[in-house]
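As structure tokens, the structure follows; a few thoughts come after it.
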Amino acid sequence: MRGLAVVLIDENPVLFKTMCDEVPLHYGQGMSSAVRNRNAMIEAFVTSEPLIQAAFEAGVDVRLGTTCWGLYANGPGVHWLPGTVAGLADEERGWLIGAEHVIVAAGRRDMGLGFPGWEKPGVIGATAAVTLAARLGALNPRRVVILGTSAEALSAAVALHDAGVEITAIVEQAAEPVGPGHLVTKLRAAGCEFLTHHIVREALGRESVEGVLIAAVDKTGRAVGEERRIECEGVVLAVGTTPVVDVLAALGCHIAFQPERGGYAPVMDMDQRTSVHNVFAVGDCAGIWPEKSLDRSIAAGEGQRAVGAILGDAKNYELTEVPEPDVPTYDISAYRMAWVRASVIEARAEFHVCQCEEVTAREILEVRPPRYLGWQGASRNDRSLFSLLDKAPPNPDHVKRLTRAGMGPCQGRRCREQIAALLALQATVPLGAVPLAGYRAPVRPLPLVIASQLLETADQARHWELWFGIPSQWQSPCEIPEFFTVATNEVTSRE
Amino acid sequence: MTEINGASVVIVGGGVTGLSAAWWLAQSGVDVLVIEKGIVGWEASGRNGGGCGHVTSPLYAEMLRLWPIMDELLGYPTEFSANRIHLAVTEEQLTVQKRSAAALNPGYRCELLDQKQLRELVPLAGDNVAGAHFYHFGGHANPHRTVQGYAWGMQDHGGRLMQHCAVTGFRTEGERVVGVETERGLLGCDQLVIAAGPQTGHLSAILGQEVPMASARAEMIVTEPLPLMPYGGVDGNGLHGRQTLRGNLAFGGGPHEWLELPEGGVFANPSTPLMGHIGRRLIEMMPKAAHARIIRSWAGVIENTPDGRPVIDRLSTFPNVLVATMSSVGFGLSPSSGRAIRDVVVDGACSFADISSFRLARFARLEPDWRELQGWVALATEDR
Ligand SMILES: Cc1cc2nc3c(=O)[nH]c(=O)nc-3n(C[C@H](O)[C@H](O)[C@H](O)COP(=O)(O)OP(=O)(O)OC[C@H]3O[C@@H](n4cnc5c(N)ncnc54)[C@H](O)[C@@H]3O)c2cc1C
């Protein structure tokens with residue numbers, strides 16, 4: 001039996017210089033120079049996942065080191081495309097491929113969480129830390145503090161521990177760890193200290209993280225009591241693991257806040273089909289929940305269901321029942337907001353929530369124009385978030401347009417969830433009420449010189465216009481006839 | 001907040017046209033209310049290139065006077081930057097450019113730059129550039145800041161804004177519209193201004209005199225910030241755009257796609273691989289930016305009348321209704337379009353320019369199939 005022609009795209013192993021830009025994950029400059037050795041990284045990446053080899057052997061066209069920076073399809077508002085198209089790029093080339101079906105398995109990333117000093121090298125997202133340590137053997141910090149205790153945070157802690165990273169403390173603002181007890185027990189047994197009702201007040205260090213100051217917090221997130229210094233080389237952010245929905249959202253798939261799936265996730269049918277009929281989402285990008293994070297057969301099953309739907313022979317896959325997300329044991333909306341309240345709002349000094357555009361929490365909530373415009377002192381420049389609102393929760397894109405928060409080259413990867421939580425706190429609405437900040441192609445920063453290689457059809461080139469090319473638009477008013485009709489108007493009538 | 005029960009002047013549409021008009025009206029002490037179905041500037045007014053052009057418009061001279069003082073008048077920054085440069089990559093482009101420079105009204109200054117000046121003013125341009133003109137007029141501004149500046153400025157003068165509230169119909173008495181029906185109930189008005197962008201056509205049709213309009217999608221790209229050039233407003237090689245004051249290159253152009261008005265009135269605004277083609281033209285013009293990375297692309301839907309010219313006029317069916325659309329060049333002209341609308345609403349005529357060419361009656365004999373005749377029709381495909 002002949003199967004379908006399959007191309008598998010994966011951007012890993014990610015180039016050193018791309019990691020430096022904090023794309024696609026929050027690497028926090030925590031990668032070692034081993035990442036510069038391309039061949040070693042490819043080998044490490046392939047070895048870390050036996051299924052890659054299996055895919056090769058099955059005849060799949062596997063393209064590593066290749067990014068999918070956009071998906072396009074005809075739909076409301078666009079009709080000229082030849083069909084469903086994926087935009088791809090590697091280090092030197094940019095191109096488009098067509099596909100009858102697309103399965104997106106874009107994985108997870110971590111919500112950023114700021115505190116004074118969080119811009120220092122060594123403050124890293126958990127997914128990036130685990131990828132570097134466990135898959136690539138290229139994580140610099142050898143001693144870390146972990147923030148967060150969800151199932152995802154604790155399994156990241158276990159993975160880092162297994163990769164030989166020392167975990168000095170696991171810090172949690174909530175009263176108790178929110179993840180599974182057996183992981184807490186296991187990590188305690190391995191010597192990790194759990195500090196609940198605590199937060200990081202500051203990351204210390206000159207060139208990079210050398211330690212953190214932690215403090216206990218009360219129920220409202222205010223720091224109380226003595227601060228304590230913990231020596232470490234890294235801070236791993238694991239307070240909110242979120243599905244990577246960028247390419248799906250940019251395509252126009254319906255994405256909704258689904259707490260049981262880890263936040264904003266695609267809306268899908270039983271076959272993992274998104275609202276775009278030939279586009280499927282599987283694995284972490286389709287939703288993250290504790291059981292799924294601990295048992296990879298659930299994600300694998302999603303992949304099989306999508307394939308079954310594409311082949312139209314679901315029976316062959318012996319699908320008994322579709323695993324449903326567990327009921328979350330904690331309220332992720334309240335939990336993430338509590339972290340942001342304690343760490344960002346109650347911070348003892350201002351810092352940049354949006355590191356690319358250098359925007360502070362206060363500037364976001366006061367909707368300040370960027371500092372380089374020199375309007376800080378203007379007397380009427382005293383607007384607040386509430387001046388934008390009218391019977392609807394704040395929209396992060398509206399705030400972004402005015403403050404530039406989330407507008408920079410990391411494309412909001414480190415700040416978007418944090419900004420959403422800030423807006424929710426200020427407007428006293430749950431996190432899910434704040435709309436998803438927009439994603440636009442290219443969902444990875446794409447050099448002009450690579451984007452410019454996309455094939456342009458002769459027809460497109462022929463119809464290229466700077467503006468509409470309506471000659472009567474540019475006539476002087478005195479030349480305008482009393483009545484406009486297409487027939488009498490030589491200047492607009494077409495060939 | 002007190003319940004809003006309408007206003008002396010109700011404006012449908014919180015784009016630059018409606019908001020500028022509202023700001024001018026509020027400054028004149030008029031009780032004005034803007035009703036916007038989404039968020040201010042969510043359609044074309046927040047998705048455009050920020051260019052302040054259209055030199056043949058009767059509103060142009062007043063626009064030139066106003067832009068440099070807009071920050072002060074509004075009390076909020078617009079990022080307006082004066083002047084524009086037109087680059088020609090090829091000799092053919094230069095010939096076309098020279099022709100339009102020669103056709104300029106002698107009141108406007110424009111000069112051909114030499115290679116040295118060009119390199120100083122547009123350091124990202126390459127040696128391949130055939131030539132460039134410096135226009136001592138026009139400019140560019142930040143659409144987002146300008147939209148919000150109008151909205152806040154209007155509110156500072158007592159004007160009111162309702163967002164997330166779509167207008168669904170009108171209440172009439174004789175030859176007067178006495179109220180607008182909205183998602184939040186009926187709102188009374190003495191006068192009504194319809195400045196709803198592409199939706200102006202269908203809303204005016206409800207009132208018996210349609211402003212003929214067609215909509216098209218246009219796209220733009222933006223790069224990461226680059227060092228600031230002395231002049232950001234650079235057009236050429238089939239592109240219009242600007243370097244923002246932050247340093248990003250924001251450029252657009254390309255074939256436009258004609259669209260039907262969507263059901264429910266909300267455009268999807270998808271962008272397409274046209275991004276790459278815009279990118280290619282951009283680096284042909286500015287090769288020193290070749291390694292800059294595109295960090296976003298976007299699309300917006302643009303309003304067009306059959307002759308591509310504005311309509312600012314009262315409906316003959318309901319003379320207390322004014323319809324206003326600037327037909328695809330509405331951002332740059334917004335300081336003066338709002339003032340013209342204010343003048344017509346308050347004084348019955350525009351005080352600073354002859355806007356008789358904006359009259360709606362010019363379309364009285366328009367062919368019913370004008371869109372097809374001009375080729376302004378949406379491609380047929382099944383939706384996904
Ligand atoms: C990519 C692009 C580039 C452009 N570049 C330039 C440029 O460089 N210079 C320039 O001058 N122009 C440019 N334009 C054109 C310019 O943006 C428009 O001409 C201008 O913004 C139109 O403003 P408007 O207020 O009339 O309409 P819109 O911005 O369309 O605003 C109309 C508003 O009405 C609201 N509305 C509609 N129906 C209803 C209803 N029933 N109830 C309540 N509210 C309703 C809509 O939500 C919308 O916000 C560009 C446009 C695009 C898309």
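Ligands are numbered from 1 in the order shown, chains are lettered A, B, ... in the order of the structure tokens, and residues start at 1 in each chain.
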
Write as a PyMOL selection string the residues around ligand 1, taking 6 Å as the cut-off and counting only C-alpha atoms and all ligand atoms.
chain B and resi 12-18+35-38+40-45+47-52+166-168+195-199+218-220+299-302+325-333

Taking the backbone alone, and naming residues the way the document does, which bits of range 107-351 of chain A are helix (DSSP H, G or I) by DSSP, as a CSV table (one decimal) with N, CA and C atoms, in the first residue's frame?
```csv
chain,number,residue,atom,x,y,z
A,126,ALA,N,11.0,27.4,30.8
A,126,ALA,CA,11.3,26.0,31.2
A,126,ALA,C,11.4,25.2,29.9
A,127,THR,N,10.6,25.4,28.9
A,127,THR,CA,10.7,24.6,27.7
A,127,THR,C,12.1,24.7,27.0
A,128,ALA,N,12.6,26.0,27.0
A,128,ALA,CA,13.9,26.2,26.4
A,128,ALA,C,15.0,25.5,27.3
A,129,ALA,N,14.8,25.6,28.6
A,129,ALA,CA,15.8,25.0,29.5
A,129,ALA,C,15.9,23.5,29.3
A,130,VAL,N,14.7,22.9,29.3
A,130,VAL,CA,14.7,21.4,29.1
A,130,VAL,C,15.2,21.0,27.7
A,131,THR,N,14.9,21.8,26.7
A,131,THR,CA,15.4,21.5,25.3
A,131,THR,C,16.9,21.5,25.3
A,132,LEU,N,17.4,22.6,25.9
A,132,LEU,CA,18.9,22.8,25.9
A,132,LEU,C,19.6,21.7,26.8
A,133,ALA,N,19.0,21.4,28.0
A,133,ALA,CA,19.7,20.5,28.9
A,133,ALA,C,19.5,19.1,28.5
A,134,ALA,N,18.3,18.7,28.2
A,134,ALA,CA,18.0,17.3,28.1
A,134,ALA,C,18.1,16.8,26.6
A,135,ARG,N,17.9,17.7,25.7
A,135,ARG,CA,17.9,17.2,24.3
A,135,ARG,C,19.2,17.6,23.6
A,151,ALA,N,2.1,20.6,37.0
A,151,ALA,CA,2.6,19.3,36.5
A,151,ALA,C,3.8,19.6,35.5
A,152,GLU,N,3.6,20.6,34.6
A,152,GLU,CA,4.6,20.9,33.6
A,152,GLU,C,5.8,21.5,34.3
A,153,ALA,N,5.7,22.3,35.3
A,153,ALA,CA,6.9,22.9,36.0
A,153,ALA,C,7.6,21.7,36.7
A,154,LEU,N,6.9,20.8,37.3
A,154,LEU,CA,7.6,19.8,38.1
A,154,LEU,C,8.2,18.8,37.1
A,155,SER,N,7.5,18.5,36.0
A,155,SER,CA,8.2,17.6,35.1
A,155,SER,C,9.4,18.2,34.4
A,156,ALA,N,9.4,19.5,34.2
A,156,ALA,CA,10.6,20.2,33.8
A,156,ALA,C,11.7,20.1,34.8
A,157,ALA,N,11.3,20.2,36.1
A,157,ALA,CA,12.3,20.1,37.2
A,157,ALA,C,12.9,18.7,37.2
A,158,VAL,N,12.1,17.7,37.0
A,158,VAL,CA,12.6,16.3,36.9
A,158,VAL,C,13.6,16.1,35.8
A,159,ALA,N,13.1,16.7,34.6
A,159,ALA,CA,14.0,16.5,33.4
A,159,ALA,C,15.3,17.2,33.6
A,160,LEU,N,15.3,18.4,34.2
A,160,LEU,CA,16.5,19.1,34.4
A,160,LEU,C,17.4,18.4,35.4
A,161,HIS,N,16.8,17.9,36.5
A,161,HIS,CA,17.5,17.1,37.5
A,161,HIS,C,18.2,15.9,36.8
A,162,ASP,N,17.4,15.2,36.0
A,162,ASP,CA,17.9,14.0,35.4
A,162,ASP,C,19.1,14.4,34.4
A,181,GLY,N,1.2,15.4,43.5
A,181,GLY,CA,1.9,15.1,44.7
A,181,GLY,C,3.1,14.2,44.5
A,182,HIS,N,3.0,13.2,43.6
A,182,HIS,CA,4.0,12.2,43.5
A,182,HIS,C,5.3,12.9,42.9
A,183,LEU,N,5.1,13.9,42.1
A,183,LEU,CA,6.3,14.6,41.6
A,183,LEU,C,6.9,15.5,42.7
A,184,VAL,N,6.1,16.0,43.5
A,184,VAL,CA,6.6,16.8,44.7
A,184,VAL,C,7.4,15.9,45.5
A,185,THR,N,6.9,14.8,45.9
A,185,THR,CA,7.6,13.8,46.7
A,185,THR,C,8.9,13.4,46.1
A,186,LYS,N,8.9,13.1,44.8
A,186,LYS,CA,10.1,12.7,44.1
A,186,LYS,C,11.2,13.8,44.1
A,187,LEU,N,10.7,15.0,43.9
A,187,LEU,CA,11.7,16.1,43.8
A,187,LEU,C,12.3,16.4,45.2
A,188,ARG,N,11.4,16.3,46.2
A,188,ARG,CA,11.8,16.5,47.6
A,188,ARG,C,12.9,15.5,48.0
A,189,ALA,N,12.6,14.2,47.6
A,189,ALA,CA,13.5,13.1,47.9
A,189,ALA,C,14.9,13.4,47.2
A,246,ASP,N,0.8,30.2,17.4
A,246,ASP,CA,1.1,31.3,16.5
A,246,ASP,C,0.7,31.1,15.0
A,247,VAL,N,1.2,30.0,14.5
A,247,VAL,CA,0.9,29.8,13.0
A,247,VAL,C,-0.5,29.5,12.8
A,248,LEU,N,-1.2,28.9,13.7
A,248,LEU,CA,-2.7,28.6,13.6
A,248,LEU,C,-3.5,29.9,13.7
A,249,ALA,N,-3.1,30.7,14.7
A,249,ALA,CA,-3.8,32.0,14.8
A,249,ALA,C,-3.6,32.9,13.7
A,250,ALA,N,-2.4,32.9,13.1
A,250,ALA,CA,-2.1,33.8,12.0
A,250,ALA,C,-2.9,33.4,10.8
A,251,LEU,N,-3.1,32.1,10.7
A,251,LEU,CA,-3.9,31.5,9.5
A,251,LEU,C,-5.4,31.9,9.7
A,259,PRO,N,-9.0,26.9,29.7
A,259,PRO,CA,-8.2,26.7,30.9
A,259,PRO,C,-7.7,25.2,30.9
A,260,GLU,N,-8.6,24.3,30.6
A,260,GLU,CA,-8.3,22.9,30.7
A,260,GLU,C,-7.2,22.5,29.6
A,261,ARG,N,-7.0,23.4,28.7
A,261,ARG,CA,-5.9,23.1,27.7
A,261,ARG,C,-4.7,24.1,27.8
A,283,GLY,N,-0.7,17.4,19.6
A,283,GLY,CA,0.3,17.5,20.6
A,283,GLY,C,0.1,18.8,21.5
A,284,ASP,N,1.2,19.3,22.0
A,284,ASP,CA,1.0,20.4,23.0
A,284,ASP,C,0.4,21.6,22.4
A,285,CYS,N,0.5,21.9,21.1
A,285,CYS,CA,-0.1,23.1,20.5
A,285,CYS,C,-1.6,23.0,20.5
A,286,ALA,N,-2.1,21.7,20.7
A,286,ALA,CA,-3.5,21.5,20.7
A,286,ALA,C,-4.1,21.6,22.1
A,290,PRO,N,-2.2,18.2,32.7
A,290,PRO,CA,-1.3,17.4,33.5
A,290,PRO,C,-1.0,16.0,32.9
A,291,GLU,N,-2.1,15.2,32.7
A,291,GLU,CA,-1.9,13.9,32.3
A,291,GLU,C,-1.2,13.8,31.0
A,292,LYS,N,-1.5,14.7,30.1
A,292,LYS,CA,-0.9,14.7,28.8
A,292,LYS,C,0.6,15.0,28.9
A,293,SER,N,0.9,15.9,29.8
A,293,SER,CA,2.3,16.3,30.0
A,293,SER,C,3.1,15.1,30.5
A,294,LEU,N,2.5,14.2,31.2
A,294,LEU,CA,3.2,13.1,31.8
A,294,LEU,C,3.1,11.8,31.0
A,296,ARG,N,3.2,10.6,27.0
A,296,ARG,CA,3.2,11.1,25.7
A,296,ARG,C,2.3,10.3,24.7
A,297,SER,N,1.7,9.2,25.2
A,297,SER,CA,0.9,8.4,24.3
A,297,SER,C,-0.4,9.2,24.0
A,298,ILE,N,-0.7,10.2,24.8
A,298,ILE,CA,-2.0,11.0,24.6
A,298,ILE,C,-1.7,11.9,23.3
A,299,ALA,N,-0.6,12.5,23.3
A,299,ALA,CA,-0.2,13.3,22.1
A,299,ALA,C,-0.1,12.5,20.9
A,300,ALA,N,0.5,11.3,21.0
A,300,ALA,CA,0.7,10.4,19.9
A,300,ALA,C,-0.7,10.0,19.4
A,301,GLY,N,-1.6,9.8,20.3
A,301,GLY,CA,-3.0,9.4,19.9
A,301,GLY,C,-3.7,10.5,19.1
A,302,GLU,N,-3.4,11.8,19.5
A,302,GLU,CA,-4.0,12.9,18.7
A,302,GLU,C,-3.4,12.9,17.3
A,303,GLY,N,-2.2,12.6,17.1
A,303,GLY,CA,-1.6,12.5,15.8
A,303,GLY,C,-2.3,11.4,15.0
A,304,GLN,N,-2.5,10.3,15.6
A,304,GLN,CA,-3.1,9.2,14.9
A,304,GLN,C,-4.6,9.5,14.5
A,305,ARG,N,-5.3,10.2,15.4
A,305,ARG,CA,-6.7,10.6,15.0
A,305,ARG,C,-6.7,11.6,13.8
A,306,ALA,N,-5.7,12.5,13.8
A,306,ALA,CA,-5.7,13.4,12.7
A,306,ALA,C,-5.4,12.7,11.4
A,307,VAL,N,-4.4,11.7,11.5
A,307,VAL,CA,-4.1,10.9,10.3
A,307,VAL,C,-5.3,10.1,9.8
A,308,GLY,N,-6.0,9.5,10.8
A,308,GLY,CA,-7.2,8.8,10.5
A,308,GLY,C,-8.2,9.6,9.7
A,309,ALA,N,-8.4,10.8,10.2
A,309,ALA,CA,-9.3,11.7,9.5
A,309,ALA,C,-8.9,12.1,8.1
A,310,ILE,N,-7.6,12.3,8.0
A,310,ILE,CA,-7.1,12.6,6.6
A,310,ILE,C,-7.2,11.4,5.7
A,311,LEU,N,-6.9,10.2,6.2
A,311,LEU,CA,-7.1,9.0,5.3
A,311,LEU,C,-8.5,8.5,5.2
A,314,ALA,N,-10.6,6.0,10.0
A,314,ALA,CA,-10.3,6.1,11.4
A,314,ALA,C,-10.4,4.8,12.1
A,315,LYS,N,-11.2,3.8,11.6
A,315,LYS,CA,-11.3,2.5,12.2
A,315,LYS,C,-10.0,1.8,12.4
A,316,ASN,N,-9.1,2.0,11.4
A,316,ASN,CA,-7.9,1.3,11.4
A,316,ASN,C,-7.0,1.6,12.6
A,317,TYR,N,-7.4,2.7,13.2
A,317,TYR,CA,-6.5,3.2,14.3
A,317,TYR,C,-7.0,2.7,15.7
A,332,ILE,N,-6.1,28.2,36.5
A,332,ILE,CA,-4.9,28.7,35.8
A,332,ILE,C,-5.0,30.2,35.6
A,333,SER,N,-6.2,30.7,35.5
A,333,SER,CA,-6.4,32.2,35.3
A,333,SER,C,-6.0,32.9,36.6
A,334,ALA,N,-6.5,32.5,37.7
A,334,ALA,CA,-6.2,33.1,39.0
A,334,ALA,C,-4.8,32.9,39.3
A,335,TYR,N,-4.3,31.7,39.0
A,335,TYR,CA,-2.9,31.3,39.3
A,335,TYR,C,-1.9,32.2,38.6
A,336,ARG,N,-2.1,32.3,37.3
A,336,ARG,CA,-1.1,33.2,36.5
A,336,ARG,C,-1.2,34.7,36.9
A,337,MET,N,-2.5,35.1,37.2
A,337,MET,CA,-2.6,36.5,37.6
A,337,MET,C,-2.0,36.7,38.9
A,338,ALA,N,-2.1,35.7,39.8
A,338,ALA,CA,-1.5,35.9,41.1
A,338,ALA,C,0.1,36.0,41.0
A,339,TRP,N,0.7,35.3,40.1
A,339,TRP,CA,2.1,35.4,39.9
A,339,TRP,C,2.4,36.8,39.4
A,340,VAL,N,1.6,37.3,38.4
A,340,VAL,CA,1.9,38.6,37.9
A,340,VAL,C,1.7,39.7,38.9
A,341,ARG,N,0.7,39.5,39.7
A,341,ARG,CA,0.4,40.5,40.8
A,341,ARG,C,1.6,40.6,41.7
A,342,ALA,N,2.1,39.4,42.2
A,342,ALA,CA,3.1,39.4,43.2
A,342,ALA,C,4.5,39.8,42.6
A,343,SER,N,4.8,39.3,41.4
A,343,SER,CA,6.1,39.5,40.8
A,343,SER,C,6.2,40.8,40.1
A,344,VAL,N,5.2,41.2,39.4
A,344,VAL,CA,5.3,42.4,38.5
A,344,VAL,C,4.7,43.6,39.2
A,345,ILE,N,3.5,43.5,39.6
A,345,ILE,CA,2.8,44.7,40.1
A,345,ILE,C,3.4,45.1,41.5
```

Members of range 27-134 of chain B assigned strand (DSSP E) by DSSP, as number ranges by chain
B: 32-35, 51-52, 81-88, 110-112, 131-134

What's the separation between CA of Ala82 in chain B and CA of Gly406 in chain A, in Å to one decimal place?
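Separation between CA of Ala82 in chain B and CA of Gly406 in chain A: 27.8 Å.
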
Shell of 10 Å around range 68-75 of chain A, only C-alpha atoms, local chain residues under 2 positions omitted, as JSON, numbers by chain:
{"A": [9, 10, 11, 66, 77, 78, 79, 80, 81, 82, 83, 84, 85, 86, 87, 88, 89, 90, 94, 95, 96, 97, 98, 102, 104, 106, 246, 247, 248, 249, 250, 251, 252, 276, 278, 279, 440, 441, 442, 443, 444, 445, 446], "B": [268, 270, 271, 272, 273, 381, 382, 383, 384]}

Residue with smallest distance to Arg65 in chain B - pool B:Ala214, B:Gly139, B:Val321, B:Gly264, counting only C-alpha atoms
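Smallest distance to Arg65 in chain B is found for B:Gly139.
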
Between A:Ile199, A:Val123, A:Val236, A:Val23, which residue has the minimum interatomic distance to chain B, considering only C-alpha atoms?
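For chain B, the nearest of the given residues is A:Val23.
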
Could you check how far CA of Gly201 in chain B sits from CA of Ala378 in chain B, in Å to one decimal?
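Distance between the two atoms: 16.6 Å.
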
Which of these residues is nearest to Leu422 in chain A, using only C-alpha atoms: A:Ala54, A:Val14, A:Ala361, A:Ile167?
A:Ala361

Go through A:Phe386, A:Tyr264, A:Phe351, A:Trp375 one by one, measure the shortest atom-to-atom distance of each to chain B using only C-alpha atoms, and give the residue with the smallest value.
A:Trp375

Which neighbours of Ser351 in chain B fall inside 12 Å, counting only C-alpha atoms, when residues of the same chain fewer than 3 positions from it are skipped, and could you give them as an NGL selection string?
:B and (58-59 or 62 or 336-337 or 339-348 or 354-355)

For the residues selected in the previous step, produce a file with C-alpha atoms as a compact mmCIF listing (two decimals), in the first residue's frame.
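Heads up, here's the output in part02.txt:
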```
# COMPACT_ATOMS: atom_id res chain seq x y z
CA PRO B 58 -8.97 70.44 -2.39
CA LEU B 59 -8.31 69.62 1.28
CA GLU B 62 -5.34 72.92 4.79
CA SER B 336 -8.73 68.70 7.11
CA SER B 337 -11.48 66.20 6.21
CA ARG B 339 -12.69 70.15 9.66
CA ALA B 340 -14.64 70.14 6.38
CA ILE B 341 -17.25 67.80 7.87
CA ARG B 342 -17.53 70.02 10.93
CA ASP B 343 -18.05 73.05 8.72
CA VAL B 344 -20.80 71.40 6.69
CA VAL B 345 -22.55 70.12 9.81
CA VAL B 346 -22.37 73.39 11.72
CA ASP B 347 -22.28 76.10 9.04
CA GLY B 348 -23.74 74.33 6.03
CA ASP B 354 -14.23 74.33 -2.43
CA ILE B 355 -15.45 70.77 -1.88
```

Skipping near chain neighbours, those fewer than 4 positions away, what residues fall within 10 Å of Arg246 in chain B using only C-alpha atoms, listed as a ChimeraX atom specification?
/A:357,370,372-373,404 /B:224-228

Selection to disk with N, CA and C atoms, as a tab-separated table (two decimals), in the first residue's frame:
```
chain	number	residue	atom	x	y	z
A	357	GLU	N	11.02	46.40	23.44
A	357	GLU	CA	10.66	47.81	23.29
A	357	GLU	C	10.81	48.57	24.60
A	370	PRO	N	5.78	55.77	23.86
A	370	PRO	CA	7.15	55.36	24.13
A	370	PRO	C	8.03	56.55	24.51
A	372	TYR	N	10.95	57.44	23.70
A	372	TYR	CA	11.76	58.17	22.72
A	372	TYR	C	10.99	59.30	22.07
A	373	LEU	N	9.67	59.34	22.25
A	373	LEU	CA	8.91	60.47	21.70
A	373	LEU	C	9.00	61.69	22.61
A	404	ARG	N	3.66	50.15	22.37
A	404	ARG	CA	4.62	49.29	21.69
A	404	ARG	C	4.94	48.03	22.49
B	224	GLU	N	12.06	44.81	11.84
B	224	GLU	CA	12.61	45.22	13.13
B	224	GLU	C	13.19	46.64	12.98
B	225	PRO	N	13.43	47.33	14.10
B	225	PRO	CA	13.96	48.69	14.00
B	225	PRO	C	15.37	48.73	13.41
B	226	LEU	N	15.63	49.73	12.59
B	226	LEU	CA	16.96	49.97	12.02
B	226	LEU	C	17.36	51.39	12.39
B	227	PRO	N	18.65	51.72	12.29
B	227	PRO	CA	19.05	53.09	12.63
B	227	PRO	C	18.23	54.12	11.82
B	228	LEU	N	17.87	55.20	12.49
B	228	LEU	CA	17.00	56.18	11.84
B	228	LEU	C	17.70	56.89	10.69
```

Residue contacts of Val9 in chain B (8 Å, only C-alpha atoms) excluding same-chain residues fewer than 2 positions away, as an MDAnalysis selection string
chainID B and resid 7 11 30:33 189:193

Rounded to one decimal, what separation in Å do you get between CA of Val10 in chain B and CA of Val311 in chain B?
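Interatomic distance here is 18.2 Å.
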
Between B:Tyr231, B:Phe318, B:Trp152, B:Trp67, single out the one closest to chain A, counting only C-alpha atoms.
B:Trp152
